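See below for target.cif, which holds mmCIF, C-alpha atoms; chains and numbers go by the auth columns.
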data_work
#
loop_
_atom_site.group_PDB
_atom_site.id
_atom_site.type_symbol
_atom_site.label_atom_id
_atom_site.label_comp_id
_atom_site.label_asym_id
_atom_site.label_seq_id
_atom_site.Cartn_x
_atom_site.Cartn_y
_atom_site.Cartn_z
_atom_site.B_iso_or_equiv
_atom_site.auth_seq_id
_atom_site.auth_asym_id
ATOM 1 C CA MET A 1 18.552 -12.211 -4.214 0.00 1 K
ATOM 2 C CA LYS A 2 20.912 -9.304 -3.643 0.00 2 K
ATOM 3 C CA HIS A 3 19.405 -5.831 -3.454 0.00 3 K
ATOM 4 C CA ASP A 4 21.014 -2.525 -4.355 0.00 4 K
ATOM 5 C CA ILE A 5 20.222 -0.760 -1.075 0.00 5 K
ATOM 6 C CA LYS A 6 21.172 2.722 -2.317 0.00 6 K
ATOM 7 C CA LYS A 7 18.905 2.305 -5.340 0.00 7 K
ATOM 8 C CA ILE A 8 16.024 1.024 -3.199 0.00 8 K
ATOM 9 C CA LYS A 9 16.354 3.912 -0.716 0.00 9 K
ATOM 10 C CA SER A 10 16.538 6.449 -3.532 0.00 10 K
ATOM 11 C CA GLN A 11 13.487 4.960 -5.237 0.00 11 K
ATOM 12 C CA ARG A 12 11.604 4.922 -1.912 0.00 12 K
ATOM 13 C CA ARG A 13 12.361 8.639 -1.345 0.00 13 K
ATOM 14 C CA ILE A 14 11.184 9.483 -4.877 0.00 14 K
ATOM 15 C CA MET A 15 7.988 7.444 -4.475 0.00 15 K
ATOM 16 C CA ASP A 16 7.261 8.920 -1.031 0.00 16 K
ATOM 17 C CA LYS A 17 7.555 12.382 -2.567 0.00 17 K
ATOM 18 C CA LYS A 18 5.168 11.441 -5.401 0.00 18 K
ATOM 19 C CA LEU A 19 2.693 9.902 -2.954 0.00 19 K
ATOM 20 C CA THR A 20 2.530 12.990 -0.730 0.00 20 K
ATOM 21 C CA SER A 21 -0.362 14.533 -2.669 0.00 21 K
ATOM 22 C CA TRP A 22 -2.307 11.245 -2.567 0.00 22 K
ATOM 23 C CA LYS A 23 -2.289 10.935 1.236 0.00 23 K
ATOM 24 C CA LYS A 24 -5.492 12.932 1.642 0.00 24 K
ATOM 25 C CA LEU A 25 -7.289 10.800 -0.929 0.00 25 K
ATOM 26 C CA ARG A 26 -6.537 7.465 0.729 0.00 26 K
ATOM 27 C CA LEU A 27 -9.139 8.240 3.382 0.00 27 K
ATOM 28 C CA ASP A 28 -11.860 9.010 0.834 0.00 28 K
ATOM 29 C CA ARG A 29 -14.326 6.292 0.042 0.00 29 K
ATOM 30 C CA ARG A 30 -15.662 5.439 -3.380 0.00 30 K
ATOM 31 C CA PRO A 31 -19.168 6.889 -3.795 0.00 31 K
ATOM 32 C CA PRO A 32 -21.834 4.246 -3.039 0.00 32 K
ATOM 33 C CA LYS A 33 -22.859 4.129 -6.712 0.00 33 K
ATOM 34 C CA GLY A 34 -19.212 4.171 -7.834 0.00 34 K
ATOM 35 C CA TRP A 35 -17.146 6.952 -9.397 0.00 35 K
ATOM 36 C CA LEU A 36 -18.185 6.263 -12.962 0.00 36 K
ATOM 37 C CA ARG A 37 -21.923 6.553 -12.368 0.00 37 K
ATOM 38 C CA SER A 38 -21.518 9.476 -9.955 0.00 38 K
ATOM 39 C CA ILE A 39 -19.447 11.468 -12.445 0.00 39 K
ATOM 40 C CA ARG A 40 -21.719 10.540 -15.378 0.00 40 K
ATOM 41 C CA GLU A 41 -24.810 11.647 -13.456 0.00 41 K
ATOM 42 C CA SER A 42 -23.059 14.827 -12.256 0.00 42 K
ATOM 43 C CA LEU A 43 -22.366 15.691 -15.898 0.00 43 K
ATOM 44 C CA GLY A 44 -26.018 15.055 -16.800 0.00 44 K
ATOM 45 C CA MET A 45 -24.984 12.341 -19.244 0.00 45 K
ATOM 46 C CA SER A 46 -27.291 9.380 -19.845 0.00 46 K
ATOM 47 C CA ILE A 47 -26.135 5.781 -20.005 0.00 47 K
ATOM 48 C CA THR A 48 -27.000 5.716 -23.712 0.00 48 K
ATOM 49 C CA GLN A 49 -24.965 8.873 -24.352 0.00 49 K
ATOM 50 C CA LEU A 50 -21.943 7.440 -22.525 0.00 50 K
ATOM 51 C CA ALA A 51 -22.285 4.138 -24.398 0.00 51 K
ATOM 52 C CA LYS A 52 -22.233 6.011 -27.699 0.00 52 K
ATOM 53 C CA ARG A 53 -19.205 8.083 -26.651 0.00 53 K
ATOM 54 C CA VAL A 54 -17.352 4.937 -25.486 0.00 54 K
ATOM 55 C CA GLY A 55 -18.191 3.251 -28.784 0.00 55 K
ATOM 56 C CA VAL A 56 -20.433 0.429 -27.619 0.00 56 K
ATOM 57 C CA SER A 57 -23.772 -0.211 -29.265 0.00 57 K
ATOM 58 C CA ASN A 58 -25.594 -1.520 -26.220 0.00 58 K
ATOM 59 C CA HIS A 59 -26.085 0.660 -23.154 0.00 59 K
ATOM 60 C CA SER A 60 -26.202 -2.488 -20.976 0.00 60 K
ATOM 61 C CA SER A 61 -22.395 -2.614 -21.355 0.00 61 K
ATOM 62 C CA ILE A 62 -22.212 0.676 -19.443 0.00 62 K
ATOM 63 C CA VAL A 63 -24.680 -0.569 -16.816 0.00 63 K
ATOM 64 C CA ARG A 64 -22.474 -3.645 -16.253 0.00 64 K
ATOM 65 C CA LEU A 65 -19.328 -1.503 -16.173 0.00 65 K
ATOM 66 C CA GLU A 66 -20.844 0.795 -13.552 0.00 66 K
ATOM 67 C CA GLU A 67 -21.888 -2.221 -11.482 0.00 67 K
ATOM 68 C CA ARG A 68 -18.416 -3.809 -11.731 0.00 68 K
ATOM 69 C CA GLU A 69 -16.752 -0.512 -10.832 0.00 69 K
ATOM 70 C CA SER A 70 -18.913 -0.041 -7.736 0.00 70 K
ATOM 71 C CA GLN A 71 -17.924 -3.578 -6.671 0.00 71 K
ATOM 72 C CA GLY A 72 -14.230 -2.947 -7.371 0.00 72 K
ATOM 73 C CA LYS A 73 -14.165 -5.428 -10.268 0.00 73 K
ATOM 74 C CA ALA A 74 -13.847 -3.201 -13.358 0.00 74 K
ATOM 75 C CA SER A 75 -10.705 -3.219 -15.471 0.00 75 K
ATOM 76 C CA ILE A 76 -8.395 -0.234 -15.609 0.00 76 K
ATOM 77 C CA GLU A 77 -8.725 -0.196 -19.392 0.00 77 K
ATOM 78 C CA SER A 78 -12.553 0.001 -19.255 0.00 78 K
ATOM 79 C CA LEU A 79 -12.534 2.727 -16.627 0.00 79 K
ATOM 80 C CA SER A 80 -9.941 4.727 -18.574 0.00 80 K
ATOM 81 C CA LYS A 81 -12.032 4.490 -21.738 0.00 81 K
ATOM 82 C CA ALA A 82 -15.220 5.590 -19.942 0.00 82 K
ATOM 83 C CA ALA A 83 -13.441 8.440 -18.171 0.00 83 K
ATOM 84 C CA GLU A 84 -11.989 9.646 -21.458 0.00 84 K
ATOM 85 C CA ALA A 85 -15.489 9.545 -23.013 0.00 85 K
ATOM 86 C CA MET A 86 -16.624 11.922 -20.238 0.00 86 K
ATOM 87 C CA ASN A 87 -13.660 14.261 -20.831 0.00 87 K
ATOM 88 C CA CYS A 88 -12.093 13.030 -17.582 0.00 88 K
ATOM 89 C CA LYS A 89 -8.978 11.098 -16.745 0.00 89 K
ATOM 90 C CA PHE A 90 -8.915 7.846 -14.825 0.00 90 K
ATOM 91 C CA ILE A 91 -6.161 7.871 -12.212 0.00 91 K
ATOM 92 C CA TYR A 92 -5.185 5.146 -9.804 0.00 92 K
ATOM 93 C CA ALA A 93 -2.463 4.789 -7.229 0.00 93 K
ATOM 94 C CA ILE A 94 -1.203 2.404 -4.603 0.00 94 K
ATOM 95 C CA VAL A 95 -0.697 4.329 -1.381 0.00 95 K
ATOM 96 C CA PRO A 96 0.306 3.317 2.148 0.00 96 K
ATOM 97 C CA LYS A 97 -2.601 2.472 4.439 0.00 97 K
ATOM 98 C CA LYS A 98 -3.697 5.236 6.784 0.00 98 K
ATOM 99 C CA GLU A 99 -1.665 3.798 9.693 0.00 99 K
ATOM 100 C CA PHE A 100 1.531 4.423 7.713 0.00 100 K
ATOM 101 C CA SER A 101 2.745 7.900 6.859 0.00 101 K
ATOM 102 C CA SER A 102 5.050 6.786 4.029 0.00 102 K
ATOM 103 C CA LEU A 103 6.817 3.866 2.378 0.00 103 K
ATOM 104 C CA GLU A 104 9.733 4.587 4.708 0.00 104 K
ATOM 105 C CA ASP A 105 7.345 4.167 7.632 0.00 105 K
ATOM 106 C CA ILE A 106 6.289 0.747 6.292 0.00 106 K
ATOM 107 C CA ILE A 107 9.958 -0.304 6.174 0.00 107 K
ATOM 108 C CA ASP A 108 10.539 1.056 9.693 0.00 108 K
ATOM 109 C CA GLN A 109 7.557 -0.820 11.097 0.00 109 K
ATOM 110 C CA ARG A 110 8.550 -4.049 9.363 0.00 110 K
ATOM 111 C CA ALA A 111 12.155 -3.824 10.553 0.00 111 K
ATOM 112 C CA LYS A 112 10.994 -3.174 14.140 0.00 112 K
ATOM 113 C CA LYS A 113 8.630 -6.154 13.998 0.00 113 K
ATOM 114 C CA MET A 114 11.386 -8.426 12.719 0.00 114 K
ATOM 115 C CA ALA A 115 13.862 -7.077 15.271 0.00 115 K
ATOM 116 C CA LYS A 116 11.428 -7.690 18.145 0.00 116 K
ATOM 117 C CA ASN A 117 10.979 -11.292 17.041 0.00 117 K
ATOM 118 C CA ILE A 118 14.721 -11.861 16.701 0.00 118 K
ATOM 119 C CA ILE A 119 15.553 -10.322 20.083 0.00 119 K
ATOM 120 C CA ARG A 120 12.695 -12.176 21.820 0.00 120 K
ATOM 121 C CA GLU A 121 14.001 -15.476 20.451 0.00 121 K
ATOM 122 C CA VAL A 122 17.549 -14.678 21.586 0.00 122 K
ATOM 123 C CA ASP A 123 16.300 -13.602 25.013 0.00 123 K
ATOM 124 C CA GLN A 124 14.207 -16.773 25.342 0.00 124 K
ATOM 125 C CA THR A 125 17.157 -18.981 24.351 0.00 125 K
ATOM 126 C CA MET A 126 19.420 -17.224 26.851 0.00 126 K
ATOM 127 C CA ARG A 127 16.842 -17.705 29.605 0.00 127 K
ATOM 128 C CA LEU A 128 16.491 -21.417 28.805 0.00 128 K
ATOM 129 C CA GLU A 129 20.268 -21.855 28.851 0.00 129 K
ATOM 130 C CA SER A 130 20.631 -19.774 32.029 0.00 130 K
ATOM 131 C CA GLN A 131 22.969 -17.377 30.277 0.00 131 K
ATOM 132 C CA GLY A 132 21.622 -14.236 31.840 0.00 132 K
ATOM 133 C CA VAL A 133 18.583 -12.090 31.303 0.00 133 K
ATOM 134 C CA PHE A 134 18.263 -8.858 29.364 0.00 134 K
ATOM 135 C CA THR A 135 16.644 -5.938 31.139 0.00 135 K
ATOM 136 C CA GLN A 136 13.766 -4.212 29.332 0.00 136 K
ATOM 137 C CA LYS A 137 16.106 -1.310 28.583 0.00 137 K
ATOM 138 C CA GLU A 138 18.675 -3.673 27.041 0.00 138 K
ATOM 139 C CA ILE A 139 15.969 -5.413 25.013 0.00 139 K
ATOM 140 C CA GLN A 140 14.728 -2.090 23.622 0.00 140 K
ATOM 141 C CA LYS A 141 18.288 -1.042 22.807 0.00 141 K
ATOM 142 C CA GLN A 142 18.919 -4.342 20.975 0.00 142 K
ATOM 143 C CA ILE A 143 15.614 -4.045 19.100 0.00 143 K
ATOM 144 C CA SER A 144 16.563 -0.542 17.912 0.00 144 K
ATOM 145 C CA LYS A 145 20.047 -1.633 16.878 0.00 145 K
ATOM 146 C CA THR A 146 18.774 -4.741 15.076 0.00 146 K
ATOM 147 C CA SER A 147 16.025 -2.731 13.378 0.00 147 K
ATOM 148 C CA VAL A 148 18.557 -0.263 11.955 0.00 148 K
ATOM 149 C CA ASP A 149 20.735 -3.162 10.833 0.00 149 K
ATOM 150 C CA LEU A 150 17.818 -4.900 9.100 0.00 150 K
ATOM 151 C CA LYS A 151 16.814 -1.692 7.303 0.00 151 K
ATOM 152 C CA SER A 152 20.326 -1.250 5.987 0.00 152 K
ATOM 153 C CA LYS A 153 20.362 -4.697 4.396 0.00 153 K
ATOM 154 C CA ILE A 154 16.853 -5.561 3.124 0.00 154 K
ATOM 155 C CA ILE A 155 17.619 -9.244 3.519 0.00 155 K
ATOM 156 C CA SER A 156 15.710 -11.919 1.591 0.00 156 K
ATOM 157 C CA SER A 157 13.555 -12.764 4.612 0.00 157 K
ATOM 158 C CA PHE A 158 12.435 -9.137 5.068 0.00 158 K
ATOM 159 C CA TRP A 159 8.917 -9.786 3.808 0.00 159 K
ATOM 160 C CA LYS A 160 8.438 -13.336 5.060 0.00 160 K
ATOM 161 C CA ASP A 161 5.632 -13.645 7.568 0.00 161 K
ATOM 162 C CA THR A 162 6.720 -13.281 11.159 0.00 162 K
ATOM 163 C CA LYS A 163 5.029 -13.998 14.447 0.00 163 K
ATOM 164 C CA GLU A 164 3.085 -11.108 15.914 0.00 164 K
#

With the file now loaded, output its structure as C-alpha cells.
Amino acid sequence: MKHDIKKIKSQRRIMDKKLTSWKKLRLDRRPPKGWLRSIRESLGMSITQLAKRVGVSNHSSIVRLEERESQGKASIESLSKAAEAMNCKFIYAIVPKKEFSSLEDIIDQRAKKMAKNIIREVDQTMRLESQGVFTQKEIQKQISKTSVDLKSKIISSFWKDTKE
C-alpha cells in the first residue's frame, strides 16, 4: 500500500495540535465509581431521575450502565445519552500514552526501533562474514540515518512487530 507522506505528515501535525489540550487529561484516572455515577451524584440526581431523563422506565438500566462504565464496558452511545440527560457532554479521545509527547514522537520512536533492528542485523551479518566491524559511533550514525529514511517513507512494514 502506497502512502501519501505529505498528507500523513500534515494530518499528524493537525492531530498533534488538537491533542495538545488533552495531554493533561491522559494522566487522570476514571473515578472509582465511574464518571457517570460521580457526575450524577455531584448533581444530586437520583438514579430514578436520570432514568426518567434518559427515557428508560426501569432505573436498573442506569445501575447497569454505571457498572459497565466503571468497568470500561459501556457504549459511547449510552454514555452520550446519559451525559446529555445530565446537561453534560460526553467526550472521548485517543491520546498518546504518557511516555510519548505526541504522534510525531510515536513515529520517531518506532522508526528508531526499526532502524536499530536493521543496523544490528547488518552488523551481525558483517561480523559473521568477516567484513569488518562498525564502531559504536558508526552504528549510532547509521541508526540515525536509517531512522530518518524510514520516517520519510512509512513503508508497509512500519507497524509490523519487531524484535526488542

Do a neighbour search on segment 53-67 of chain K at 12 Å with only C-alpha atoms, toss out local chain neighbours closer than 3 positions, and write the hits as a VMD selection string.
chain K and resid 31 to 41 45 to 50 70 to 87

Atom CA of Leu103 of chain K and atom CA of Lys6 of chain K, how far apart in Å?
15.1 Å

Result set, the PyMOL selection byres ((chain K and resi 106) around 12) on current file, as a PyMOL selection string
chain K and resi 12+16+95-105+107-113+151+158-159

Do you have the atom CA of Lys145 of chain K-atom CA of Ile14 of chain K distance handy?
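Going from atom CA of Lys145 of chain K over to atom CA of Ile14 of chain K, I get 26.0 Å.
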
Please determine, counting only C-alpha atoms, which residue among K:Met114, K:Ala51, K:Ala93, K:Ile119 has the shortest atom-to-atom distance to Ile154 of chain K.
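Comparing K:Met114, K:Ala51, K:Ala93, K:Ile119 against Ile154 of chain K, the winner is K:Met114.
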
Selection dump of the PyMOL selection byres ((chain K and resi 123) around 12), as a ChimeraX atom specification
/K:115-122,124-136,138-140,142-143

With distances taken over only C-alpha atoms, which residue among K:Asp149, K:Ile94, K:Ile5, K:Glu69 lies nearest Leu19 of chain K?
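When distances to Leu19 of chain K are compared using only C-alpha atoms, the smallest one comes from K:Ile94.
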
Using Å and a single decimal, report how far atom CA of Arg13 of chain K sits from atom CA of Lys141 of chain K.
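Here the two named atoms are 26.7 Å from each other.
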